[in-house]
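See below for work.tsv, which holds TSV, C-alpha atoms.
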chain	number	residue	atom	x	y	z
I	6	MET	CA	0.04	26.59	-87.60
I	7	THR	CA	2.43	24.28	-85.71
I	8	THR	CA	5.02	22.02	-87.21
I	9	ARG	CA	5.12	18.32	-86.34
I	10	GLN	CA	8.33	18.92	-84.37
I	11	GLN	CA	6.63	21.54	-82.22
I	12	ARG	CA	3.67	19.21	-81.55
I	13	VAL	CA	6.02	16.37	-80.49
I	14	ALA	CA	7.95	18.74	-78.23
I	15	ALA	CA	4.75	19.97	-76.62
I	16	ARG	CA	3.56	16.42	-75.98
I	17	GLY	CA	6.97	15.61	-74.50
I	18	ARG	CA	6.73	18.55	-72.12
I	19	ARG	CA	3.23	17.48	-71.05
I	20	LEU	CA	4.55	13.95	-70.35
I	21	GLU	CA	7.40	15.41	-68.34
I	22	GLY	CA	4.93	17.43	-66.35
I	23	VAL	CA	2.96	14.28	-65.56
I	24	ALA	CA	6.16	12.42	-64.65
I	25	ALA	CA	7.23	15.19	-62.28
I	26	ALA	CA	3.80	15.23	-60.65
I	27	VAL	CA	3.95	11.43	-60.24
I	28	THR	CA	7.39	11.72	-58.63
I	29	VAL	CA	6.05	14.22	-56.11
I	30	LEU	CA	3.00	12.06	-55.41
I	31	VAL	CA	5.10	8.93	-54.91
I	32	ALA	CA	7.37	10.84	-52.58
I	33	GLY	CA	4.32	12.01	-50.66
I	34	ALA	CA	3.12	8.42	-50.33
I	35	LEU	CA	6.53	7.43	-48.92
I	36	CYS	CA	6.16	10.13	-46.26
I	37	ALA	CA	2.79	8.75	-45.31
I	38	ALA	CA	4.19	5.23	-45.07
I	39	ALA	CA	7.03	6.48	-42.91
I	40	LEU	CA	4.73	8.06	-40.36
I	41	PRO	CA	4.21	5.96	-37.24
I	42	ASP	CA	0.85	4.24	-37.13
I	43	ASP	CA	0.77	1.99	-34.11
I	44	GLY	CA	-1.26	-1.17	-34.04
I	45	THR	CA	-1.00	-2.17	-37.66
I	46	ALA	CA	1.30	-5.04	-38.49
I	47	ALA	CA	2.23	-3.61	-41.86
I	48	GLN	CA	3.73	-0.47	-40.40
I	49	ARG	CA	5.41	-1.70	-37.25
I	50	PRO	CA	8.43	0.33	-36.28
I	51	ARG	CA	11.86	-1.31	-36.32
I	52	PRO	CA	10.98	-4.98	-36.98
I	53	GLY	CA	13.55	-7.20	-35.34
I	54	LEU	CA	14.57	-4.51	-32.88
I	55	THR	CA	11.67	-2.92	-31.03
I	56	THR	CA	9.24	-5.43	-32.48
I	57	VAL	CA	9.42	-9.05	-33.53
I	58	ALA	CA	10.65	-9.60	-37.09
I	59	ASP	CA	8.33	-11.14	-39.65
I	60	GLY	CA	8.25	-14.91	-39.76
I	61	VAL	CA	10.07	-15.69	-36.50
I	62	SER	CA	6.95	-16.35	-34.39
I	63	ARG	CA	6.03	-20.02	-34.34
I	64	PRO	CA	3.72	-20.39	-31.33
I	65	GLN	CA	3.01	-24.08	-32.07
I	66	ALA	CA	6.69	-24.87	-31.58
I	67	VAL	CA	6.42	-23.47	-28.05
I	68	ASP	CA	3.11	-25.18	-27.28
I	69	ALA	CA	4.71	-28.55	-27.94
I	70	GLY	CA	7.33	-28.04	-25.25
I	71	LEU	CA	5.09	-26.84	-22.44
I	72	SER	CA	4.20	-29.36	-19.75
I	73	ARG	CA	0.62	-30.40	-20.26
I	74	ALA	CA	-0.88	-32.31	-17.34
I	75	GLU	CA	0.99	-32.26	-14.05
I	76	GLY	CA	3.54	-35.03	-13.73
I	77	ARG	CA	2.80	-36.45	-17.15
I	78	GLU	CA	5.55	-36.33	-19.66
I	79	SER	CA	5.40	-37.45	-23.23
I	80	PRO	CA	7.33	-40.70	-23.65
I	81	GLY	CA	10.87	-40.25	-24.89
I	82	ALA	CA	11.08	-36.57	-24.07
I	83	GLU	CA	13.66	-37.17	-21.37
I	84	ALA	CA	15.59	-39.70	-23.42
I	85	ALA	CA	15.86	-37.28	-26.33
I	86	SER	CA	17.49	-34.55	-24.28
I	87	PRO	CA	18.55	-35.47	-20.78
I	88	ALA	CA	18.61	-32.54	-18.39
I	89	LEU	CA	21.95	-31.48	-17.01
I	90	PRO	CA	22.84	-30.90	-13.36
I	91	ARG	CA	22.56	-27.34	-12.08
I	92	SER	CA	25.38	-24.93	-12.89
I	93	VAL	CA	25.47	-21.14	-12.91
I	94	PRO	CA	25.58	-19.62	-16.42
I	95	THR	CA	28.52	-17.27	-17.05
I	96	HIS	CA	28.27	-16.30	-20.72
I	97	VAL	CA	25.73	-16.46	-23.51
I	98	ARG	CA	26.77	-16.43	-27.13
I	99	ILE	CA	24.26	-15.78	-29.91
I	100	PRO	CA	26.01	-16.26	-33.27
I	101	GLN	CA	23.18	-14.76	-35.36
I	102	LEU	CA	23.49	-11.52	-33.42
I	103	LYS	CA	27.28	-11.76	-33.19
I	104	ALA	CA	26.77	-11.33	-29.46
I	105	ASP	CA	28.95	-12.73	-26.68
I	106	LEU	CA	27.55	-11.53	-23.39
I	107	GLU	CA	28.47	-11.90	-19.75
I	108	VAL	CA	25.74	-13.41	-17.56
I	109	PHE	CA	25.27	-12.80	-13.83
I	110	PRO	CA	22.89	-14.41	-11.34
I	111	ALA	CA	20.20	-12.20	-9.80
I	112	PRO	CA	17.02	-12.57	-7.71
I	113	ALA	CA	13.62	-11.34	-8.86
I	114	GLU	CA	12.94	-7.61	-8.69
I	115	LYS	CA	11.11	-6.39	-5.59
I	116	ASP	CA	7.80	-6.42	-7.45
I	117	GLY	CA	8.27	-10.05	-8.44
I	118	THR	CA	9.14	-9.37	-12.06
I	119	PRO	CA	12.25	-11.03	-13.51
I	120	PRO	CA	15.62	-9.47	-12.71
I	121	VAL	CA	16.84	-6.72	-15.01
I	122	PRO	CA	20.44	-5.47	-15.17
I	123	ALA	CA	21.12	-1.96	-13.89
I	124	GLU	CA	21.09	0.89	-16.37
I	125	ASP	CA	24.86	1.15	-16.40
I	126	ASP	CA	25.12	-2.63	-16.79
I	127	ALA	CA	23.08	-2.87	-19.97
I	128	HIS	CA	25.75	-4.85	-21.82
I	129	ARG	CA	25.35	-7.76	-19.41
I	130	VAL	CA	22.54	-10.28	-19.01
I	131	ALA	CA	20.70	-11.24	-15.79
I	132	TRP	CA	19.88	-14.87	-15.04
I	133	TYR	CA	16.98	-15.50	-12.63
I	134	GLU	CA	18.90	-17.44	-9.98
I	135	HIS	CA	15.88	-18.96	-8.24
I	136	GLY	CA	14.70	-20.67	-11.39
I	137	PRO	CA	16.27	-23.49	-13.43
I	138	SER	CA	19.81	-23.00	-14.69
I	139	PRO	CA	20.32	-23.35	-18.45
I	140	GLY	CA	20.39	-27.10	-19.10
I	141	GLU	CA	18.28	-28.05	-16.10
I	142	GLN	CA	14.70	-29.12	-16.75
I	143	GLY	CA	12.38	-26.14	-16.98
I	144	PRO	CA	12.67	-22.65	-18.38
I	145	ALA	CA	15.90	-20.81	-17.57
I	146	LEU	CA	15.36	-17.06	-17.75
I	147	LEU	CA	17.90	-14.64	-19.20
I	148	VAL	CA	16.96	-10.97	-19.23
I	149	GLY	CA	18.82	-8.31	-21.14
I	150	HIS	CA	18.15	-4.70	-21.97
I	151	LEU	CA	16.88	-3.87	-25.43
I	152	ASP	CA	18.51	-0.48	-25.35
I	153	THR	CA	20.04	2.23	-23.23
I	154	HIS	CA	19.13	5.91	-23.49
I	155	LYS	CA	21.61	6.14	-26.34
I	156	GLY	CA	21.28	3.03	-28.45
I	157	PRO	CA	21.16	-0.77	-28.63
I	158	ALA	CA	22.00	-2.85	-25.53
I	159	ALA	CA	22.73	-6.54	-24.82
I	160	PHE	CA	19.49	-8.01	-26.15
I	161	ALA	CA	18.84	-5.72	-29.11
I	162	GLY	CA	18.10	-8.04	-32.02
I	163	VAL	CA	16.44	-10.81	-29.97
I	164	GLY	CA	13.29	-9.94	-31.90
I	165	SER	CA	15.00	-11.02	-35.12
I	166	LEU	CA	16.23	-14.45	-33.96
I	167	GLU	CA	15.17	-17.00	-36.52
I	168	PRO	CA	13.77	-20.44	-35.73
I	169	GLY	CA	16.74	-22.75	-35.33
I	170	ALA	CA	19.17	-19.97	-34.37
I	171	GLU	CA	21.75	-21.15	-31.85
I	172	VAL	CA	22.09	-19.80	-28.35
I	173	ARG	CA	25.16	-21.14	-26.56
I	174	VAL	CA	25.33	-20.82	-22.81
I	175	ALA	CA	28.67	-21.33	-21.04
I	176	ARG	CA	28.34	-22.49	-17.43
I	177	ALA	CA	30.52	-22.39	-14.34
I	178	ASP	CA	31.14	-26.17	-14.51
I	179	GLY	CA	32.93	-25.68	-17.83
I	180	SER	CA	30.15	-27.05	-19.98
I	181	THR	CA	28.51	-25.23	-22.88
I	182	VAL	CA	24.82	-25.89	-23.38
I	183	VAL	CA	23.44	-25.33	-26.85
I	184	PHE	CA	19.84	-24.24	-27.35
I	185	THR	CA	17.97	-23.61	-30.59
I	186	VAL	CA	15.31	-20.95	-30.95
I	187	ASP	CA	11.76	-22.27	-31.39
I	188	SER	CA	9.89	-19.00	-31.65
I	189	VAL	CA	10.10	-15.31	-30.85
I	190	GLU	CA	6.96	-13.70	-29.51
I	191	GLN	CA	5.82	-10.30	-28.35
I	192	TYR	CA	3.37	-9.59	-25.54
I	193	ALA	CA	1.82	-6.42	-24.17
I	194	LYS	CA	3.21	-5.93	-20.67
I	195	ASP	CA	-0.22	-5.82	-19.10
I	196	ARG	CA	-1.23	-9.06	-20.81
I	197	PHE	CA	1.90	-11.01	-20.11
I	198	PRO	CA	1.35	-14.80	-20.33
I	199	ASN	CA	3.14	-15.91	-17.15
I	200	ASP	CA	2.37	-19.60	-17.55
I	201	ARG	CA	3.62	-19.70	-21.10
I	202	VAL	CA	6.89	-17.94	-20.39
I	203	TYR	CA	7.66	-18.99	-16.81
I	204	GLY	CA	5.59	-22.17	-16.44
I	205	PRO	CA	7.04	-25.69	-16.27
I	206	THR	CA	8.38	-27.38	-19.40
I	207	GLU	CA	9.09	-31.01	-20.19
I	208	ARG	CA	12.63	-30.37	-21.39
I	209	PRO	CA	15.41	-27.93	-20.55
I	210	GLN	CA	14.48	-24.64	-22.14
I	211	LEU	CA	15.68	-21.10	-22.31
I	212	ARG	CA	13.84	-17.78	-22.41
I	213	LEU	CA	15.57	-14.65	-23.65
I	214	ILE	CA	13.53	-11.71	-22.44
I	215	THR	CA	13.79	-8.07	-23.42
I	216	CYS	CA	11.61	-5.04	-24.02
I	217	GLY	CA	9.80	-3.98	-27.15
I	218	GLY	CA	6.71	-2.41	-28.60
I	219	SER	CA	5.90	1.26	-28.38
I	220	TRP	CA	7.87	3.53	-26.11
I	221	THR	CA	6.77	6.62	-24.25
I	222	LYS	CA	8.75	8.78	-21.89
I	223	GLU	CA	6.25	8.21	-19.08
I	224	GLU	CA	5.63	4.49	-19.40
I	225	GLY	CA	8.70	3.15	-21.20
I	226	TYR	CA	8.10	0.19	-23.52
I	227	ASP	CA	4.64	-1.34	-23.49
I	228	ALA	CA	5.64	-4.87	-24.51
I	229	ASN	CA	8.15	-7.64	-23.96
I	230	ILE	CA	9.87	-9.68	-26.64
I	231	VAL	CA	10.51	-13.28	-25.61
I	232	ALA	CA	12.66	-15.78	-27.51
I	233	PHE	CA	11.77	-19.38	-26.63
I	234	ALA	CA	14.57	-21.91	-27.10
I	235	SER	CA	14.94	-25.64	-26.43
I	236	LEU	CA	17.98	-27.73	-25.62
I	237	ALA	CA	19.50	-28.83	-28.92
I	238	SER	CA	19.26	-32.60	-29.28
J	8	MET	CA	3.12	-3.50	3.43
J	9	LYS	CA	0.64	-0.78	4.20
J	10	MET	CA	-1.02	-1.55	0.88
J	11	ARG	CA	-1.17	-5.16	1.82
J	12	SER	CA	-2.86	-4.62	5.15
J	13	LEU	CA	-5.34	-2.38	3.43
J	14	ALA	CA	-6.07	-5.04	0.86
J	15	THR	CA	-6.34	-7.67	3.59
J	16	ALA	CA	-8.68	-5.53	5.65
J	17	ALA	CA	-10.83	-4.84	2.63
J	18	ALA	CA	-10.88	-8.53	1.78
J	19	SER	CA	-11.85	-9.53	5.32
J	20	THR	CA	-14.62	-6.96	5.39
J	21	ALA	CA	-15.85	-8.11	2.05
J	22	LEU	CA	-15.73	-11.72	3.22
J	23	VAL	CA	-17.73	-11.03	6.37
J	24	LEU	CA	-20.30	-9.04	4.47
J	25	GLY	CA	-20.30	-11.67	1.77
J	26	MET	CA	-21.32	-14.37	4.26
J	27	ALA	CA	-24.64	-12.70	4.85
J	28	ALA	CA	-25.41	-12.60	1.15
J	29	PRO	CA	-26.60	-15.52	-0.94
J	30	ALA	CA	-23.81	-18.00	-1.52
J	31	PHE	CA	-22.02	-17.97	-4.84
J	32	ALA	CA	-19.90	-20.75	-6.18
J	33	GLY	CA	-16.26	-19.70	-6.22
J	34	GLY	CA	-14.03	-19.99	-9.27
J	35	ASP	CA	-12.36	-18.01	-11.95
J	36	THR	CA	-14.91	-18.72	-14.64
J	37	GLY	CA	-17.32	-16.11	-13.47
J	38	HIS	CA	-19.63	-18.39	-11.41
J	39	GLY	CA	-19.05	-16.13	-8.45
J	40	GLY	CA	-19.47	-13.13	-10.66
J	41	LEU	CA	-15.79	-12.32	-11.11
J	42	THR	CA	-13.68	-13.47	-14.03
J	43	LEU	CA	-9.95	-13.04	-13.63
J	44	TYR	CA	-7.45	-12.84	-16.42
J	45	PRO	CA	-5.08	-14.46	-15.84
J	46	SER	CA	-6.55	-16.57	-13.04
J	47	SER	CA	-3.13	-17.70	-11.86
J	48	GLY	CA	0.33	-16.24	-11.82
J	49	GLY	CA	3.38	-15.25	-9.86
J	50	PRO	CA	4.41	-12.10	-8.06
J	51	GLY	CA	3.70	-8.83	-9.80
J	52	THR	CA	1.19	-10.34	-12.22
J	53	HIS	CA	-1.22	-7.76	-13.59
J	54	VAL	CA	-4.72	-9.15	-13.28
J	55	GLU	CA	-7.76	-7.82	-15.08
J	56	VAL	CA	-11.12	-8.50	-13.54
J	57	LYS	CA	-14.48	-8.63	-15.21
J	58	ALA	CA	-17.69	-8.68	-13.21
J	59	ASN	CA	-21.06	-10.13	-14.02
J	60	CYS	CA	-23.15	-7.18	-12.84
J	61	LYS	CA	-26.60	-6.45	-14.22
J	62	ASP	CA	-25.96	-2.75	-14.52
J	63	GLY	CA	-22.36	-3.11	-15.65
J	64	GLY	CA	-20.11	-0.48	-14.23
J	65	HIS	CA	-16.80	-0.64	-12.47
J	66	GLY	CA	-15.61	-1.26	-8.96
J	67	THR	CA	-12.80	-2.40	-6.75
J	68	VAL	CA	-11.87	-5.92	-5.81
J	69	ALA	CA	-9.92	-7.12	-2.81
J	70	SER	CA	-7.77	-10.17	-2.09
J	71	ASP	CA	-4.90	-11.23	0.13
J	72	ALA	CA	-3.09	-11.99	-3.11
J	73	PHE	CA	-3.26	-8.43	-4.38
J	74	ALA	CA	-0.84	-5.71	-3.40
J	75	ARG	CA	-3.09	-3.10	-4.95
J	76	SER	CA	-6.20	-2.93	-7.01
J	77	ARG	CA	-8.20	-0.19	-8.55
J	78	ALA	CA	-11.54	0.44	-10.12
J	79	HIS	CA	-11.85	1.06	-13.79
J	80	HIS	CA	-13.80	4.08	-14.78
J	81	GLY	CA	-14.63	5.04	-18.31
J	82	ARG	CA	-11.71	7.38	-18.29
J	83	HIS	CA	-8.39	5.62	-18.42
J	84	HIS	CA	-6.00	7.36	-16.12
J	85	HIS	CA	-2.56	6.19	-15.02
J	86	GLY	CA	-1.66	5.80	-18.65
J	87	ASP	CA	-3.46	2.50	-19.09
J	88	ARG	CA	-4.24	2.14	-22.72
J	89	HIS	CA	-4.77	-1.55	-23.13
J	90	HIS	CA	-7.66	-2.26	-20.84
J	91	ARG	CA	-10.87	-3.33	-22.39
J	92	LYS	CA	-13.93	-1.24	-21.88
J	93	ASP	CA	-15.71	-3.94	-19.92
J	94	THR	CA	-12.94	-4.35	-17.36
J	95	PHE	CA	-14.37	-4.01	-13.86
J	96	ALA	CA	-11.12	-3.60	-12.00
J	97	SER	CA	-7.45	-4.43	-12.26
J	98	ALA	CA	-5.01	-5.59	-9.64
J	99	THR	CA	-1.36	-6.40	-9.12
J	100	VAL	CA	-0.30	-9.58	-7.34
J	101	MET	CA	1.82	-9.22	-4.17
J	102	GLY	CA	5.55	-9.24	-4.75
J	103	GLU	CA	6.25	-11.36	-1.66
J	104	GLY	CA	4.65	-13.24	1.22
J	105	LEU	CA	2.29	-15.50	-0.74
J	106	THR	CA	2.21	-19.29	-0.75
J	107	PRO	CA	2.82	-20.96	-4.12
J	108	GLY	CA	-0.04	-23.24	-5.14
J	109	LYS	CA	-2.52	-21.57	-2.80
J	110	LYS	CA	-5.86	-20.32	-4.08
J	111	TYR	CA	-6.71	-16.83	-2.87
J	112	GLN	CA	-10.25	-15.56	-2.73
J	113	VAL	CA	-11.06	-12.37	-4.55
J	114	THR	CA	-14.11	-10.36	-3.61
J	115	GLY	CA	-15.93	-7.32	-4.86
J	116	TYR	CA	-19.33	-5.70	-5.19
J	117	CYS	CA	-21.59	-4.63	-7.99
J	118	ARG	CA	-23.02	-1.15	-7.84
J	119	ASN	CA	-26.27	-2.64	-6.54
J	120	HIS	CA	-24.30	-4.21	-3.63
J	121	GLN	CA	-24.51	-7.68	-5.08
J	122	PRO	CA	-21.40	-9.49	-3.78
J	123	LEU	CA	-18.91	-10.96	-6.21
J	124	THR	CA	-16.30	-13.65	-5.71
J	125	GLY	CA	-13.50	-15.23	-7.70
J	126	THR	CA	-10.27	-17.12	-7.13
J	127	PHE	CA	-6.69	-16.42	-7.97
J	128	THR	CA	-4.06	-19.16	-7.76
J	129	TYR	CA	-0.59	-18.00	-6.84
J	130	THR	CA	2.05	-19.91	-8.78
J	131	GLY	CA	5.19	-18.49	-7.16
J	132	GLY	CA	8.40	-17.72	-8.99
J	133	VAL	CA	8.65	-14.65	-11.11
J	134	GLY	CA	5.70	-13.03	-12.77
J	135	GLY	CA	4.92	-10.13	-15.01
J	136	ALA	CA	6.85	-8.42	-17.73
J	137	ALA	CA	10.46	-7.28	-17.50
J	138	ASN	CA	11.40	-3.63	-17.67
J	139	ALA	CA	14.37	-4.14	-19.90
J	140	GLY	CA	14.69	-1.10	-22.09
J	141	LEU	CA	15.42	2.57	-21.67
J	142	GLY	CA	14.10	3.91	-24.95
J	143	GLY	CA	17.18	4.74	-26.99
J	144	LEU	CA	16.09	2.67	-29.97
J	145	ALA	CA	12.55	3.98	-29.90
J	146	ALA	CA	13.81	7.54	-29.66
J	147	GLU	CA	16.12	6.78	-32.55
J	148	ALA	CA	13.21	5.29	-34.48
J	149	GLU	CA	11.18	8.39	-33.77
J	150	SER	CA	13.90	10.67	-35.03
J	151	GLY	CA	14.22	8.24	-37.94
J	152	MET	CA	10.69	9.06	-39.08
J	153	PRO	CA	11.47	12.62	-40.09
J	154	ALA	CA	14.62	11.26	-41.74
J	155	ALA	CA	12.54	8.93	-43.91
J	156	ALA	CA	10.17	11.78	-44.65
J	157	GLY	CA	13.22	13.85	-45.47
J	158	VAL	CA	14.38	11.27	-48.01
J	159	ALA	CA	10.96	11.34	-49.64
J	160	GLY	CA	10.94	15.12	-49.60
J	161	GLY	CA	14.38	15.08	-51.17
J	162	LEU	CA	13.09	12.80	-53.89
J	163	ALA	CA	10.30	15.27	-54.64
J	164	ALA	CA	12.74	18.17	-54.67
J	165	ALA	CA	15.11	16.23	-56.96
J	166	GLY	CA	12.24	15.46	-59.32
J	167	ALA	CA	11.22	19.11	-59.46
J	168	ALA	CA	14.83	20.29	-59.88
J	169	GLY	CA	15.45	17.76	-62.65
J	170	TYR	CA	12.33	18.84	-64.46
J	171	PHE	CA	13.38	22.49	-64.15
J	172	LEU	CA	16.86	21.74	-65.56
J	173	VAL	CA	15.44	19.84	-68.53
J	174	TRP	CA	12.92	22.60	-69.15
J	175	ARG	CA	15.66	25.27	-69.04
J	176	ARG	CA	17.93	23.34	-71.37
J	177	ARG	CA	15.09	22.88	-73.83
J	178	SER	CA	14.10	26.56	-73.71
J	179	ALA	CA	17.73	27.40	-74.41
J	180	GLY	CA	17.75	24.84	-77.25
J	181	ASP	CA	14.52	26.28	-78.66
J	182	ARG	CA	16.10	29.67	-78.81
J	183	ALA	CA	19.27	28.36	-80.51
Exercise: express the given structure as C-alpha cells:
Amino acid sequence: MTTRQQRVAARGRRLEGVAAAVTVLVAGALCAAALPDDGTAAQRPRPGLTTVADGVSRPQAVDAGLSRAEGRESPGAEAASPALPRSVPTHVRIPQLKADLEVFPAPAEKDGTPPVPAEDDAHRVAWYEHGPSPGEQGPALLVGHLDTHKGPAAFAGVGSLEPGAEVRVARADGSTVVFTVDSVEQYAKDRFPNDRVYGPTERPQLRLITCGGSWTKEEGYDANIVAFASLAS
Amino acid sequence: MKMRSLATAAASTALVLGMAAPAFAGGDTGHGGLTLYPSSGGPGTHVEVKANCKDGGHGTVASDAFARSRAHHGRHHHGDRHHRKDTFASATVMGEGLTPGKKYQVTGYCRNHQPLTGTFTYTGGVGGAANAGLGGLAAEAESGMPAAAGVAGGLAAAGAAGYFLVWRRRSAGDRA
C-alpha cells in the first residue's frame, strides 16, 4: 500500500529520468550536427570565413555589370560612373571587416593564375598589375590570403561581406575610390568561371579574391571566394 | 617547355592523322566530338573535356593551348574529386606564349580511333583560381569540431550529474 505522496514522488523520479535521457539525446544530436559533412549547405563549416556567409550571394547583381555584346554598352552606364585614369592602388580599407591593408602590384603567377602574396606576406594584398587599376574600367583584381598556417590572414572575412558593404581603395595619385559589394560567391577551383571574374565589365569594378571551401593537407583549399564590387555612384 | 613541345607534337600528329579521316565541323559545342568546359579562358585555366564516343571511355586530348592534359579513367587519381564521371579528359591551359583572342584546335581520339576535334579560345590575362590560403582556419575549424562535440558531451555529463545530485538529495530526504 503506497501513500499518495509516495506515488507523486515516484512519478516525479520517472519524469526526471525521462528528462535526463532527453538531455543526453539532445547532446548527442548536437555532436552529430557538429561533425563535418561536406557538400550540404546546412552544415557548411565556418560560414563567412572558409565559406560564403548566408545571404551575401546575389549573382544577378553581378550579371548586370558584365559586358554583354562586344563594344556595346548600356546607355548611361558611363555617365553614371565615369572611369578614372590609371593609378596604382596602395591601400584597401574594408570597414565591415575593420581591415586596413597595404596593397602591392604584382604580375600573374607563373601558371597564369592571379598573383598571391608570399606566405610571410599574408597581411598584405596583391593587385594584378597587368589588369585594370581600381577605378579604371574593367575588373581590378585584389588577392589576399584567407589564412596562414596559424590563423586568419588579410582576406579572412571576405566571405561575409554584405551587399552594399564599402571597399575603399587608396591610390598613388592621392585619390580614394569607393566600391560597394554586389555579391560574394564561391567557386570550386577546378570549375572557376574565368569570364565572370576576370572578363570585361561595363563599369569600373573590383574583385576581392581569396581561398575557401574544404581544406586538405595535400591539396589545400578546393574553392575560391570572390567578392564582386562596383564603383559607388 | 618540354610539356609544351610534347603537347604540340601530339597535336600535330593528331592533326595530320585527322586529315585522313572524315571531316568534322570544329567548335566547342561537340560538333567535332569534343565539348570543352570552359571553351575559353586565360592562362592556367582548367579545362574539362567531354567526348561524343559511341563506346564512351576516356582518352587524351592535345592542343597548342594546353600545357598538359590527361586521360580520365574511372579511378580518380591526383586527388581530383570534382570531375564528373563522363569526363573524357582534362587539360590545363599554357601559362605563357599564347595569343589572346586566338582559337586553338583541340584534338583527340575515341577508343575506336574515331578522331575528335574541338576549339579553345585563349582570352589572355589571368586565369584559374588563386591559391590564397594556407589552411590555418580550416585546421582550426577541424579542431573546433571536437570542441563542439566536447560541449555537447559536457551537457550530457552535466545532465547526468544534476540528476544524480537531485536523486541523492531526495534519498537523503526520504531517510530523514
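The coordinates place atom CA of Pro205 of chain I at 16.2 Å from atom CA of Arg91 of chain I.
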From the list I:His135, I:Lys194, I:His128, I:Lys155, which residue is nearest Asn138 of chain J when using only C-alpha atoms?
-> I:Lys194
Selection near Ala78 of chain J, 8 Å with all atoms listed in the file, sequence-local residues under 5 positions removed, as an NGL selection string = :J and (65-68 or 95-97)
Compare J:Asn119, J:Ser70, J:Thr130, J:Thr99 by their minimum atom-to-atom distance to Thr52 of chain J, counting all atoms listed in the file, and give me the closest one.
-> J:Thr99
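Comparing J:Leu141, J:Gly40, J:Gly63, J:Gly48 by their smallest distance to Lys110 of chain J, the closest is J:Gly48 (using only C-alpha atoms).
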Given all atoms listed in the file as the counted atoms, nearest of I:Asp178, I:Asp200, I:Glu107, I:Asp187 to Pro45 of chain J = I:Asp200
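As for atom CA of Arg196 of chain I and atom CA of Ser47 of chain J, they are spaced 12.6 Å apart.
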Residue contacts of segment 114-123 of chain I (10 Å, only C-alpha atoms) excluding same-chain residues fewer than 5 positions away, as an NGL selection string = (:I and (108-109 or 128-134 or 146-150 or 159 or 203 or 214-215)) or (:J and (49-52 or 74 or 99-103 or 131-140))
For chain I, which of J:Phe73, J:Tyr116, J:Tyr44, J:Tyr111 is the closest residue, counting only C-alpha atoms?
-> J:Tyr44
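When atom CA of Glu224 of chain I is paired with atom CA of Phe160 of chain I, their separation reads 19.8 Å.
Checking J:Pro122, J:Gly115, J:Gly39, J:Gly104 one by one against chain I, counting all atoms listed in the file, you find the shortest gap at J:Gly104.
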